[in-house]
$ cat start-v4.cif   # mmCIF, C-alpha atoms and all ligand atoms
data_start
#
loop_
_atom_site.label_atom_id
_atom_site.label_comp_id
_atom_site.auth_asym_id
_atom_site.auth_seq_id
_atom_site.Cartn_x
_atom_site.Cartn_y
_atom_site.Cartn_z
CA MET A 572 -44.81 179.65 -31.57
CA ILE A 573 -42.34 177.38 -33.30
CA VAL A 574 -38.80 177.54 -34.62
CA SER A 575 -39.07 177.83 -38.38
CA HIS A 576 -35.46 178.27 -39.43
CA ILE A 577 -32.00 177.50 -38.08
CA LYS A 578 -28.72 179.03 -39.17
CA LEU A 579 -25.43 178.02 -37.59
CA LYS A 580 -21.81 178.76 -38.12
CA ASN A 581 -18.98 176.78 -36.55
CA TRP A 582 -21.28 175.04 -34.08
CA ARG A 583 -19.63 171.78 -32.99
CA ASN A 584 -19.21 169.48 -35.97
CA PHE A 585 -21.06 171.80 -38.37
CA SER A 586 -19.27 174.56 -40.26
CA THR A 587 -22.50 175.95 -41.64
CA VAL A 588 -26.14 175.03 -41.35
CA ASP A 589 -29.00 176.90 -42.99
CA VAL A 590 -32.28 174.97 -42.98
CA PRO A 591 -36.01 175.48 -42.54
CA VAL A 592 -37.66 173.30 -39.88
CA ARG A 593 -41.18 171.96 -39.45
CA GLN A 594 -43.40 171.46 -36.45
CA ARG A 595 -42.35 167.83 -36.19
CA GLN A 596 -38.75 167.51 -37.29
CA PHE A 597 -36.82 164.27 -37.52
CA ILE A 598 -33.04 164.40 -37.46
CA VAL A 599 -31.31 161.42 -39.00
CA GLY A 600 -27.70 160.62 -39.76
CA PRO A 601 -24.99 158.05 -39.03
CA ASN A 602 -23.39 157.75 -35.61
CA ALA A 603 -21.44 160.86 -34.62
CA SER A 604 -22.92 162.90 -37.48
CA GLY A 605 -24.11 165.54 -35.03
CA LYS A 606 -27.73 164.73 -34.23
CA SER A 607 -27.24 165.42 -30.54
CA ASN A 608 -25.09 168.43 -31.35
CA LEU A 609 -27.91 169.89 -33.39
CA LEU A 610 -30.38 169.39 -30.54
CA ASP A 611 -27.80 170.94 -28.24
CA VAL A 612 -28.25 174.30 -29.98
CA PHE A 613 -31.61 174.60 -28.26
CA ARG A 614 -30.36 173.34 -24.92
CA PHE A 615 -27.61 175.93 -25.20
CA LEU A 616 -30.09 178.74 -25.86
CA ARG A 617 -32.15 177.48 -22.96
CA ASP A 618 -29.07 177.46 -20.74
CA ILE A 619 -28.53 181.12 -21.63
CA ALA A 620 -32.15 182.11 -21.07
CA LYS A 621 -32.81 180.11 -17.92
CA SER A 622 -34.12 182.33 -15.13
CA GLU A 623 -32.22 180.49 -12.45
CA GLY A 624 -28.53 180.01 -12.93
CA GLY A 625 -28.59 180.77 -16.64
CA GLY A 626 -26.39 182.99 -18.73
CA LEU A 627 -23.89 182.91 -21.55
CA GLN A 628 -20.85 182.30 -19.38
CA LYS A 629 -22.37 179.31 -17.67
CA ALA A 630 -23.82 177.84 -20.86
CA VAL A 631 -20.38 177.91 -22.50
CA LYS A 632 -18.58 176.65 -19.42
CA LYS A 633 -20.99 173.74 -19.02
CA ARG A 634 -19.83 172.61 -22.46
CA GLY A 635 -16.16 172.82 -21.59
CA GLY A 636 -15.45 176.26 -23.06
CA LEU A 637 -15.81 177.82 -26.48
CA SER A 638 -12.93 175.78 -27.87
CA LYS A 639 -15.06 172.66 -27.40
CA ILE A 640 -18.05 174.25 -29.05
CA ARG A 641 -16.31 175.88 -31.99
CA CYS A 642 -16.07 173.63 -35.01
CA LEU A 643 -12.64 172.05 -35.32
CA ALA A 644 -12.84 172.49 -39.08
CA ALA A 645 -13.10 176.27 -38.62
CA ARG A 646 -9.50 177.21 -39.17
CA ARG A 647 -9.37 180.96 -39.39
CA ASP A 648 -12.82 182.14 -38.37
CA PRO A 649 -12.95 182.26 -34.57
CA GLU A 650 -16.65 183.04 -34.33
CA VAL A 651 -19.47 180.68 -33.46
CA SER A 652 -22.91 181.93 -34.43
CA ILE A 653 -26.51 180.86 -34.03
CA GLU A 654 -29.59 182.37 -35.60
CA ILE A 655 -33.15 181.15 -35.18
CA ALA A 656 -36.42 182.35 -36.63
CA LEU A 657 -39.64 181.94 -34.66
CA SER A 658 -43.03 181.85 -36.39
CA ASN A 659 -46.62 181.28 -35.39
CA ASN A 660 -46.94 178.54 -37.97
CA VAL A 661 -44.48 176.73 -40.21
CA ASP A 662 -45.44 178.37 -43.43
CA GLU A 663 -45.84 181.85 -42.03
CA LYS A 664 -43.26 184.58 -42.08
CA PRO A 665 -41.15 184.69 -38.96
CA PHE A 666 -42.31 186.90 -36.14
CA TRP A 667 -39.01 186.96 -34.38
CA ARG A 668 -35.41 186.38 -35.25
CA TYR A 669 -32.71 186.06 -32.66
CA ALA A 670 -28.99 185.84 -33.47
CA ILE A 671 -25.77 185.73 -31.50
CA GLY A 672 -22.12 185.49 -32.39
CA ILE A 673 -19.65 184.31 -29.78
CA LYS A 674 -15.88 184.66 -29.62
CA GLN A 675 -13.34 184.05 -26.94
CA GLU A 676 -10.90 186.54 -25.42
CA THR A 677 -7.44 185.89 -26.76
CA ARG A 678 -5.74 186.70 -23.47
CA GLY A 679 -6.49 186.88 -19.76
CA TYR A 680 -9.31 184.66 -18.58
CA ARG A 681 -10.20 183.69 -22.16
CA GLN A 682 -13.83 184.25 -21.42
CA PRO A 683 -16.41 184.02 -24.14
CA TYR A 684 -17.97 187.28 -25.28
CA LEU A 685 -20.56 188.36 -27.80
CA SER A 686 -19.30 189.50 -31.17
CA PHE A 687 -22.92 190.44 -31.83
CA GLU A 688 -26.43 189.98 -30.54
CA LYS A 689 -29.38 190.91 -32.75
CA VAL A 690 -33.12 190.72 -32.56
CA TRP A 691 -35.69 191.35 -35.29
CA TYR A 692 -39.41 191.73 -34.76
CA GLN A 693 -41.32 191.26 -38.01
CA ASP A 694 -38.28 192.16 -40.09
CA LYS A 695 -37.54 195.27 -38.08
CA ARG A 696 -34.28 195.13 -36.20
CA ILE A 697 -34.97 196.03 -32.59
CA LEU A 698 -31.58 195.17 -31.11
CA SER A 699 -28.08 195.33 -32.46
CA ARG A 700 -25.11 194.86 -30.23
CA PRO A 701 -22.41 195.92 -29.62
CA ASP A 702 -24.34 199.12 -28.88
CA ARG A 703 -23.06 202.41 -27.58
CA GLU A 704 -23.01 201.22 -23.98
CA ASP A 705 -21.09 198.09 -24.96
CA LYS A 706 -18.47 200.16 -26.68
CA LYS A 707 -17.96 202.18 -23.51
CA ASP A 708 -17.79 199.07 -21.38
CA PRO A 709 -16.86 195.94 -23.39
CA ASP A 710 -17.31 193.71 -20.31
CA ARG A 711 -21.02 194.01 -20.91
CA LEU A 712 -20.56 191.73 -23.92
CA LYS A 713 -19.97 188.83 -21.58
CA GLN A 714 -23.69 188.71 -21.00
CA THR A 715 -26.51 188.50 -23.49
CA TYR A 716 -29.48 190.83 -23.27
CA LEU A 717 -31.54 187.68 -23.58
CA GLU A 718 -30.49 186.44 -20.16
CA GLN A 719 -31.29 189.68 -18.31
CA VAL A 720 -34.83 190.68 -17.41
CA ASN A 721 -34.01 194.36 -17.47
CA THR A 722 -32.73 194.17 -21.05
CA ASN A 723 -34.96 191.55 -22.66
CA ALA A 724 -38.28 193.31 -22.00
CA GLU A 725 -38.79 194.09 -25.67
CA PHE A 726 -38.37 190.46 -26.66
CA ARG A 727 -39.54 188.70 -23.52
CA GLU A 728 -41.48 186.30 -25.72
CA ILE A 729 -38.23 184.86 -27.13
CA PHE A 730 -36.83 184.57 -23.63
CA ARG A 731 -39.92 182.72 -22.36
CA TYR A 732 -39.85 180.45 -25.36
CA LEU A 733 -36.22 179.50 -24.96
CA GLU A 734 -36.16 179.12 -21.20
CA SER A 735 -38.89 176.50 -21.39
CA VAL A 736 -37.23 174.25 -23.98
CA ASN A 737 -37.55 170.65 -22.86
CA TYR A 738 -35.03 167.87 -23.49
CA ILE A 739 -35.53 164.26 -22.61
CA HIS A 740 -33.39 161.22 -23.02
CA LEU A 741 -34.73 158.95 -20.33
CA VAL A 742 -32.22 156.36 -19.19
CA PRO A 743 -34.22 153.62 -17.44
CA GLN A 744 -31.31 152.47 -15.27
CA LEU A 745 -30.87 155.95 -13.82
CA LEU A 746 -34.52 156.16 -12.95
CA ARG A 747 -34.51 152.73 -11.34
CA PHE A 748 -31.46 153.43 -9.25
CA ALA A 749 -32.35 157.06 -8.55
CA GLU A 750 -32.74 156.40 -4.83
CA ILE A 751 -29.32 154.83 -4.53
CA ILE A 752 -27.46 157.41 -6.61
CA GLN A 753 -29.30 160.28 -5.00
CA GLY A 754 -27.63 163.65 -5.22
CA GLY A 755 -25.65 162.84 -8.34
CA MET A 756 -28.27 164.39 -10.58
CA LEU A 757 -27.37 166.60 -13.53
CA GLU A 758 -28.80 170.06 -13.85
CA ASP A 759 -32.21 170.01 -15.58
CA ASP A 760 -32.23 166.24 -15.26
CA PRO A 761 -31.84 165.39 -18.96
CA PHE A 762 -31.80 161.64 -18.26
CA GLY A 763 -34.98 161.36 -16.26
CA GLN A 764 -33.41 160.44 -12.93
CA GLY A 765 -35.82 162.73 -11.10
CA PHE A 766 -38.81 161.70 -13.17
CA LEU A 767 -40.74 160.22 -10.23
CA VAL A 768 -40.19 163.33 -8.15
CA LYS A 769 -41.38 165.38 -11.08
CA ILE A 770 -44.58 163.34 -11.26
CA SER A 771 -45.03 163.72 -7.51
CA LYS A 772 -44.83 167.49 -7.81
CA THR A 773 -47.68 167.91 -10.26
CA THR A 774 -51.12 168.64 -8.82
CA SER A 775 -53.12 165.55 -8.14
CA ARG A 776 -55.67 166.41 -10.83
CA ILE A 777 -53.06 166.73 -13.59
CA GLN A 778 -51.17 163.73 -12.30
CA LYS A 779 -54.30 161.56 -12.41
CA SER A 780 -55.36 162.67 -15.86
CA ARG A 781 -51.90 162.21 -17.36
CA LEU A 782 -51.35 158.81 -15.81
CA ALA A 783 -54.78 157.76 -17.03
CA LYS A 784 -53.81 158.73 -20.57
CA ILE A 785 -50.49 156.94 -20.24
CA GLU A 786 -52.22 153.88 -18.81
CA GLU A 787 -54.46 153.83 -21.85
CA ALA A 788 -51.43 153.66 -24.15
CA LEU A 789 -49.59 151.11 -22.00
CA LYS A 790 -52.57 148.79 -21.98
CA ILE A 791 -52.22 148.63 -25.74
CA ALA A 792 -48.44 148.51 -25.92
CA VAL A 793 -47.41 146.37 -22.95
CA PRO A 794 -48.94 142.89 -22.79
CA GLN A 795 -50.72 142.08 -19.52
CA LEU A 796 -50.41 145.57 -18.10
CA GLN A 797 -53.78 146.52 -16.68
CA GLN A 798 -53.37 149.54 -14.47
CA LEU A 799 -50.83 152.21 -13.72
CA ARG A 800 -50.79 154.34 -10.61
CA PHE A 801 -48.66 156.70 -8.62
CA GLU A 802 -47.95 155.87 -5.00
CA ARG A 803 -45.73 156.82 -2.11
CA ASP A 804 -43.79 154.37 -0.06
CA LYS A 805 -45.51 153.98 3.30
CA ASP A 806 -42.28 154.10 5.25
CA THR A 807 -40.02 156.44 3.34
CA GLY A 808 -42.52 158.61 1.48
CA GLN A 809 -40.56 158.09 -1.75
CA PRO A 810 -42.60 158.47 -4.96
CA HIS A 811 -43.17 155.40 -7.11
CA LEU A 812 -45.02 154.20 -10.13
CA ALA A 813 -46.79 150.89 -9.85
CA ALA A 814 -48.44 148.74 -12.46
CA LEU A 815 -50.84 145.87 -12.14
CA TYR A 816 -50.26 142.94 -14.46
CA THR A 817 -53.04 140.45 -15.15
CA HIS A 818 -51.04 137.29 -15.16
CA TRP A 819 -50.49 137.36 -11.42
CA ARG A 820 -52.99 136.86 -8.68
CA PRO A 821 -55.24 139.88 -8.26
CA ASN A 822 -53.61 142.49 -6.05
CA ALA A 823 -50.49 140.43 -5.73
CA GLY A 824 -49.57 141.57 -9.21
CA TRP A 825 -48.58 145.15 -8.44
CA GLN A 826 -45.03 145.90 -9.45
CA ARG A 827 -43.01 149.01 -8.91
CA GLU A 828 -40.99 150.87 -11.52
CA ASP A 829 -37.76 149.09 -10.56
CA GLN A 830 -39.32 145.99 -12.09
CA PHE A 831 -40.74 147.64 -15.20
CA SER A 832 -39.01 146.81 -18.46
CA ASP A 833 -36.74 149.43 -20.04
CA GLY A 834 -39.23 149.88 -22.84
CA THR A 835 -42.14 150.42 -20.45
CA LEU A 836 -40.20 153.06 -18.54
CA ARG A 837 -39.12 154.83 -21.68
CA LEU A 838 -42.64 154.83 -23.02
CA VAL A 839 -44.00 156.27 -19.77
CA GLY A 840 -41.31 158.97 -19.85
CA LEU A 841 -41.96 159.77 -23.49
CA LEU A 842 -45.72 160.05 -23.08
CA TRP A 843 -45.36 162.14 -19.95
CA ALA A 844 -43.01 164.54 -21.77
CA LEU A 845 -45.46 164.80 -24.66
CA LEU A 846 -48.28 165.65 -22.26
CA ASP A 847 -46.15 167.88 -20.09
CA SER A 848 -46.08 171.32 -21.66
CA ASP A 849 -46.45 173.34 -24.83
CA SER A 850 -42.82 174.23 -25.26
CA LEU A 851 -40.31 172.91 -27.76
CA LEU A 852 -39.55 169.28 -26.99
CA LEU A 853 -36.24 167.66 -27.93
CA LEU A 854 -36.42 163.88 -28.04
CA GLU A 855 -33.32 161.72 -28.35
CA GLU A 856 -33.86 158.42 -30.12
CA PRO A 857 -37.32 157.67 -28.73
CA GLU A 858 -37.17 154.22 -30.34
CA LEU A 859 -34.61 152.87 -27.84
CA SER A 860 -35.73 149.72 -25.98
CA LEU A 861 -39.07 149.65 -27.76
CA ASN A 862 -40.13 146.97 -30.17
CA ASN A 863 -40.69 147.88 -33.80
CA GLY A 864 -44.43 147.42 -33.58
CA ILE A 865 -44.67 150.21 -31.03
CA VAL A 866 -42.05 152.34 -32.71
CA SER A 867 -43.90 152.28 -36.00
CA HIS A 868 -46.88 153.94 -34.29
CA LEU A 869 -44.90 156.61 -32.48
CA SER A 870 -44.63 159.16 -35.29
CA PRO A 871 -48.36 159.48 -35.91
CA LEU A 872 -48.94 159.45 -32.16
CA ILE A 873 -46.48 162.30 -31.66
CA TYR A 874 -48.16 164.14 -34.52
CA ARG A 875 -51.63 163.81 -33.02
CA MET A 876 -50.51 164.78 -29.54
CA GLN A 877 -48.53 167.80 -30.66
CA ARG A 878 -51.20 169.00 -33.03
CA GLN A 879 -53.66 169.41 -30.20
CA ARG A 880 -51.20 171.60 -28.37
CA LYS A 881 -49.53 173.24 -31.37
CA ARG A 882 -46.30 172.04 -30.03
CA GLN A 883 -42.99 171.53 -31.81
CA VAL A 884 -40.94 168.37 -31.45
CA PHE A 885 -37.43 167.63 -32.72
CA ILE A 886 -36.60 163.95 -32.79
CA SER A 887 -33.21 162.39 -33.40
CA THR A 888 -33.47 158.83 -34.63
CA HIS A 889 -31.82 155.80 -36.22
CA SER A 890 -35.01 153.90 -36.64
CA GLU A 891 -36.54 152.88 -39.93
CA SER A 892 -39.72 151.87 -38.11
CA LEU A 893 -40.09 155.33 -36.61
CA LEU A 894 -39.89 156.76 -40.12
CA SER A 895 -42.06 154.11 -41.73
CA ASP A 896 -45.28 156.05 -41.40
CA GLY A 897 -46.60 157.21 -44.76
CA GLY A 898 -47.73 160.48 -43.22
CA ILE A 899 -44.18 161.76 -42.81
CA ASP A 900 -43.34 164.46 -45.30
CA GLY A 901 -39.82 164.70 -46.76
CA ARG A 902 -39.61 168.22 -45.36
CA GLU A 903 -39.93 166.81 -41.87
CA VAL A 904 -36.60 165.03 -42.11
CA LEU A 905 -33.17 166.58 -41.81
CA LEU A 906 -30.38 164.41 -43.09
CA LEU A 907 -26.93 164.84 -41.58
CA SER A 908 -23.92 163.72 -43.62
CA PRO A 909 -20.44 163.81 -42.14
CA SER A 910 -17.43 165.07 -44.09
CA PRO A 911 -13.93 166.20 -43.08
CA GLU A 912 -15.13 169.80 -43.32
CA GLY A 913 -17.96 169.16 -40.89
CA SER A 914 -21.38 167.59 -41.26
CA SER A 915 -23.85 169.01 -43.72
CA VAL A 916 -27.55 169.26 -42.98
CA ILE A 917 -30.13 169.00 -45.73
CA VAL A 918 -33.87 168.67 -45.85
CA ALA A 919 -34.59 165.19 -47.23
CA SER A 920 -37.15 166.41 -49.77
CA ALA A 921 -34.52 168.69 -51.29
CA ILE A 922 -32.41 165.70 -52.36
CA GLU A 923 -33.02 165.12 -56.03
CA GLU A 924 -33.21 161.32 -55.93
CA VAL A 925 -35.38 161.25 -52.83
CA LYS A 926 -38.43 163.14 -53.99
CA PRO A 927 -39.55 160.80 -56.80
CA LEU A 928 -39.23 157.80 -54.47
CA LEU A 929 -41.37 159.48 -51.82
CA ASP A 930 -43.87 160.50 -54.48
CA ALA A 931 -43.98 156.88 -55.60
CA GLY A 932 -45.18 155.90 -52.12
CA LEU A 933 -42.05 154.70 -50.37
CA SER A 934 -41.69 155.79 -46.75
CA VAL A 935 -39.08 158.23 -45.57
CA GLY A 936 -37.50 155.41 -43.58
CA GLU A 937 -37.08 153.26 -46.66
CA VAL A 938 -35.69 156.05 -48.79
CA VAL A 939 -33.58 158.11 -46.43
CA LEU A 940 -32.07 155.74 -43.89
CA PRO A 941 -30.07 153.59 -46.32
CA ARG A 942 -28.17 156.79 -47.16
CA ASN A 943 -26.86 156.73 -43.61
CA ILE A 944 -24.92 153.54 -43.75
CA PRO A 945 -21.17 154.12 -43.73
CA GLN A 946 -19.56 153.10 -47.03
CA ASP A 947 -17.16 150.49 -45.67
CA ILE A 948 -19.50 149.02 -43.08
CA GLU A 949 -18.98 145.48 -44.45
CA GLU A 950 -15.48 145.56 -43.00
CA LEU A 951 -16.99 145.50 -39.54
CA GLY A 952 -17.94 141.90 -40.35
CA ASN A 953 -14.24 141.01 -40.60
CA TYR A 954 -13.26 142.88 -37.48
CA GLU A 955 -11.72 140.78 -34.72
N1 LIG B 1001 -16.24 171.45 -31.74
C1 LIG B 1001 -16.31 170.37 -32.50
N2 LIG B 1001 -15.76 170.35 -33.73
C2 LIG B 1001 -15.84 169.26 -34.50
N3 LIG B 1001 -16.45 168.12 -34.13
C3 LIG B 1001 -17.03 168.07 -32.93
C4 LIG B 1001 -17.00 169.19 -32.04
N4 LIG B 1001 -17.66 168.86 -30.92
C5 LIG B 1001 -18.08 167.58 -31.09
N5 LIG B 1001 -17.70 167.11 -32.29
C6 LIG B 1001 -17.92 165.78 -32.86
O1 LIG B 1001 -19.30 165.51 -32.97
C7 LIG B 1001 -19.48 164.11 -32.92
C8 LIG B 1001 -20.63 163.74 -31.99
O2 LIG B 1001 -21.78 164.20 -32.50
P1 LIG B 1001 -23.16 163.75 -31.86
O3 LIG B 1001 -24.05 164.91 -32.00
O4 LIG B 1001 -23.00 163.17 -30.52
O5 LIG B 1001 -23.54 162.60 -32.90
P2 LIG B 1001 -24.86 161.74 -33.02
O6 LIG B 1001 -25.81 162.21 -31.99
O7 LIG B 1001 -25.31 161.97 -34.43
O8 LIG B 1001 -24.41 160.33 -32.86
C9 LIG B 1001 -18.25 163.49 -32.37
O9 LIG B 1001 -17.62 162.73 -33.39
C10 LIG B 1001 -17.41 164.66 -31.95
O10 LIG B 1001 -16.06 164.44 -32.18
MG MG B 1002 -26.58 161.28 -30.29
#
$ encode --input "start-v4.cif" --output "structure tokens" --more "lines below"
Ligand SMILES: Nc1ncnc2c1ncn2[C@@H]1O[C@H](COP(=O)(O)OP(=O)(O)O)[C@@H](O)[C@H]1O
Ligand SMILES: [Mg+2]
Amino acid sequence: MIVSHIKLKNWRNFSTVDVPVRQRQFIVGPNASGKSNLLDVFRFLRDIAKSEGGGLQKAVKKRGGLSKIRCLAARRDPEVSIEIALSNNVDEKPFWRYAIGIKQETRGYRQPYLSFEKVWYQDKRILSRPDREDKKDPDRLKQTYLEQVNTNAEFREIFRYLESVNYIHLVPQLLRFAEIIQGGMLEDDPFGQGFLVKISKTTSRIQKSRLAKIEEALKIAVPQLQQLRFERDKDTGQPHLAALYTHWRPNAGWQREDQFSDGTLRLVGLLWALLDSDSLLLLEEPELSLNNGIVSHLSPLIYRMQRQRKRQVFISTHSESLLSDGGIDGREVLLLSPSPEGSSVIVASAIEEVKPLLDAGLSVGEVVLPRNIPQDIEELGNYE
């Protein structure tokens, strides 16, 4: 199952969004145009659906309250809303649609509550809140039906889908210093601090086969790297990754992850995430710390890996190299453009001037990214 359409109202720096999405979806736009905010829609839905410690109240609180979420450009309309369509394949009609509207109490604890919650199964509406029970007891609207097992039975599939959404933005320094900064880990570990522990918890068969696949890629991408293995420290039992490099004496050349380059660590984290599950994967700027040669191969690699598993990937990026692959379709790119009324989101192929250039053989990177450069950027050259 994949997300095939997104509709938003007053979500962060977007007043309205209404776009179809593909199985591999790139999100591009200048700094602060809302790429991370767009990905956050799915982390938010996951935070609601999560079996342990999930729920609407917590998901809103984690983001600093509804006033932080609600678009600042939304003057009169107090409602934030999200609607997603889920389909078996991109071009098929949606199977499911899930929609919520959220408002905040105007007095008292100012808690967020649902202005509506709706579910459609193949165009038939199977849930519409507030329902009769909600009207009797409005406090019920502080929880979604999605987050409760005794109320989401009829659309458990949506719940399962959303609770398993995966986000990764691996920060190499956090991984390297994970032992020292122990304990200070964020919920769901978005920055990969607990990555080694995660590897250590997979069964040895899966661990071996994944690391072998990753090793295969690293041998191509990282000069001199020959072998990659998982090991535990003899004294402390701590999990580690180790790599053997050819330019040192045999067996003396094993290095642990604290000596890996940022790019190597990010690549390992990226490949692991791609191999990890079948659920929606949100990748933040996978190009970071990697050289352009590698980056230019990432898009087709992601495509091949996800196609085997029918998996959906959303990728925020600034990189022309990442978008240089001729196989990227204009529909696979969402372009975010900031304005005082909030950022707009459009599918690149829907931009009139873009299509003929793509048809003429230019890559999405060449055509779309120049549109991202702020108008007065030259002035930065005079800045002191
Ligand atoms: N509720 C909101 N209303 C309006 N703007 C917001 C809101 N929440 C965050 N923003 C703005 O969104 C921008 C950050 O967006 P972000 O998704 O991090 O950008 P990107 O990932 O594209 O660099 C910031 O400029 C921030 O001020
Ligand atoms: Mg960002």
$ residues_near_ligand --input "start-v4.cif" --ligand "ligand MG 1002 (chain B)" --cutoff "7 Å" --atoms "all atoms listed in the file" --output "VMD selection string"
chain A and resid 603 605 to 607
$ atom_distance --input "start-v4.cif" --atom1 "CA of Asp710 (chain A)" --atom2 "CA of Gly679 (chain A)"
12.8 Å
$ closest_atom_pairs --input "start-v4.cif" --of "chain A" --to "ligand LIG 1001 (chain B)" --cutoff "9 Å" --atoms "all atoms listed in the file" --output "Markdown table"
| residue | atom | partner | partner_atom | distance |
| --- | --- | --- | --- | --- |
| A:Asn581 | CA | B:LIG1001 | N1 | 7.7 |
| A:Trp582 | CA | B:LIG1001 | N1 | 6.6 |
| A:Arg583 | CA | B:LIG1001 | N1 | 3.6 |
| A:Asn584 | CA | B:LIG1001 | N3 | 3.6 |
| A:Phe585 | CA | B:LIG1001 | C2 | 7.0 |
| A:Ser586 | CA | B:LIG1001 | N2 | 8.5 |
| A:Ile598 | CA | B:LIG1001 | O7 | 8.7 |
| A:Val599 | CA | B:LIG1001 | O7 | 7.6 |
| A:Gly600 | CA | B:LIG1001 | O7 | 6.0 |
| A:Pro601 | CA | B:LIG1001 | O7 | 6.1 |
| A:Asn602 | CA | B:LIG1001 | O8 | 3.9 |
| A:Ala603 | CA | B:LIG1001 | O5 | 3.2 |
| A:Ser604 | CA | B:LIG1001 | O7 | 4.0 |
| A:Gly605 | CA | B:LIG1001 | O3 | 3.1 |
| A:Lys606 | CA | B:LIG1001 | O7 | 3.7 |
| A:Ser607 | CA | B:LIG1001 | O3 | 3.5 |
| A:Asn608 | CA | B:LIG1001 | O3 | 3.7 |
| A:Leu609 | CA | B:LIG1001 | O3 | 6.5 |
| A:Leu610 | CA | B:LIG1001 | O3 | 7.9 |
| A:Asp611 | CA | B:LIG1001 | O3 | 8.0 |
| A:Leu637 | CA | B:LIG1001 | N1 | 8.3 |
| A:Ser638 | CA | B:LIG1001 | N1 | 6.7 |
| A:Lys639 | CA | B:LIG1001 | N1 | 4.7 |
| A:Ile640 | CA | B:LIG1001 | N1 | 4.3 |
| A:Arg641 | CA | B:LIG1001 | N1 | 4.4 |
| A:Cys642 | CA | B:LIG1001 | N2 | 3.5 |
| A:Leu643 | CA | B:LIG1001 | N2 | 3.9 |
| A:Ala644 | CA | B:LIG1001 | C2 | 6.4 |
| A:Ala645 | CA | B:LIG1001 | N2 | 8.1 |
| A:Glu855 | CA | B:LIG1001 | O6 | 8.4 |
| A:Ser887 | CA | B:LIG1001 | O6 | 7.5 |
| A:Thr888 | CA | B:LIG1001 | O7 | 8.7 |
| A:Leu907 | CA | B:LIG1001 | O7 | 7.9 |
| A:Glu912 | CA | B:LIG1001 | C2 | 8.9 |
| A:Gly913 | CA | B:LIG1001 | C2 | 6.7 |
| A:Ser914 | CA | B:LIG1001 | N3 | 8.7 |
$ atom_distance --input "start-v4.cif" --atom1 "CA of Gly834 (chain A)" --atom2 "CA of Lys790 (chain A)"
13.4 Å
$ closest_residue --input "start-v4.cif" --among "A:Val661, A:Ile865, A:Leu940, A:Ile655" --to "Leu616 (chain A)" --atoms "only C-alpha atoms"
A:Ile655
$ closest_residue --input "start-v4.cif" --among "A:Leu799, A:Leu905, A:Leu853, A:Leu846" --to "Arg614 (chain A)" --atoms "only C-alpha atoms"
A:Leu853
$ closest_residue --input "start-v4.cif" --among "A:Ser915, A:Asn943, A:Gln795, A:Ser850" --to "His889 (chain A)" --atoms "all atoms listed in the file"
A:Asn943
$ closest_atom_pairs --input "start-v4.cif" --of "region 616-717 of chain A" --to "region 758-774 of chain A" --cutoff "12 Å" --atoms "all atoms listed in the file" --output "JSON lines"
{"residue": "A:Arg617", "atom": "CA", "partner": "A:Asp759", "partner_atom": "CA", "distance": 10.5}
{"residue": "A:Asp618", "atom": "CA", "partner": "A:Asp759", "partner_atom": "CA", "distance": 9.6}
{"residue": "A:Lys621", "atom": "CA", "partner": "A:Asp759", "partner_atom": "CA", "distance": 10.4}
{"residue": "A:Glu623", "atom": "CA", "partner": "A:Asp759", "partner_atom": "CA", "distance": 10.9}
{"residue": "A:Gly624", "atom": "CA", "partner": "A:Glu758", "partner_atom": "CA", "distance": 10.0}
{"residue": "A:Gly625", "atom": "CA", "partner": "A:Glu758", "partner_atom": "CA", "distance": 11.1}
{"residue": "A:Lys629", "atom": "CA", "partner": "A:Glu758", "partner_atom": "CA", "distance": 11.9}
{"residue": "A:Ala630", "atom": "CA", "partner": "A:Glu758", "partner_atom": "CA", "distance": 11.6}
{"residue": "A:Lys633", "atom": "CA", "partner": "A:Glu758", "partner_atom": "CA", "distance": 10.1}
$ residues_around --input "start-v4.cif" --residues "Gly897 (chain A)" --least-positions-apart "4" --cutoff "10 Å" --atoms "all atoms listed in the file" --output "ChimeraX atom specification"
/A:870-871,929,932-936
$ residues_near_point --input "start-v4.cif" --point "(-41.0, 169.1, -35.2)" --cutoff "10 Å" --atoms "all atoms listed in the file" --output "PyMOL selection string"
chain A and resi 573-575+592-598+661+851-854+873-874+877+882-886+903-904
$ write_last_selection --input "start-v4.cif" --atoms "C-alpha atoms" --output "mmCIF file, keeping the file's coordinate frame"
data_model
loop_
_atom_site.group_PDB
_atom_site.id
_atom_site.type_symbol
_atom_site.label_atom_id
_atom_site.label_comp_id
_atom_site.auth_asym_id
_atom_site.auth_seq_id
_atom_site.Cartn_x
_atom_site.Cartn_y
_atom_site.Cartn_z
ATOM 1 C CA ILE A 573 -42.340 177.380 -33.300
ATOM 2 C CA VAL A 574 -38.800 177.540 -34.620
ATOM 3 C CA SER A 575 -39.070 177.830 -38.380
ATOM 4 C CA VAL A 592 -37.660 173.300 -39.880
ATOM 5 C CA ARG A 593 -41.180 171.960 -39.450
ATOM 6 C CA GLN A 594 -43.400 171.460 -36.450
ATOM 7 C CA ARG A 595 -42.350 167.830 -36.190
ATOM 8 C CA GLN A 596 -38.750 167.510 -37.290
ATOM 9 C CA PHE A 597 -36.820 164.270 -37.520
ATOM 10 C CA ILE A 598 -33.040 164.400 -37.460
ATOM 11 C CA VAL A 661 -44.480 176.730 -40.210
ATOM 12 C CA LEU A 851 -40.310 172.910 -27.760
ATOM 13 C CA LEU A 852 -39.550 169.280 -26.990
ATOM 14 C CA LEU A 853 -36.240 167.660 -27.930
ATOM 15 C CA LEU A 854 -36.420 163.880 -28.040
ATOM 16 C CA ILE A 873 -46.480 162.300 -31.660
ATOM 17 C CA TYR A 874 -48.160 164.140 -34.520
ATOM 18 C CA GLN A 877 -48.530 167.800 -30.660
ATOM 19 C CA ARG A 882 -46.300 172.040 -30.030
ATOM 20 C CA GLN A 883 -42.990 171.530 -31.810
ATOM 21 C CA VAL A 884 -40.940 168.370 -31.450
ATOM 22 C CA PHE A 885 -37.430 167.630 -32.720
ATOM 23 C CA ILE A 886 -36.600 163.950 -32.790
ATOM 24 C CA GLU A 903 -39.930 166.810 -41.870
ATOM 25 C CA VAL A 904 -36.600 165.030 -42.110
#
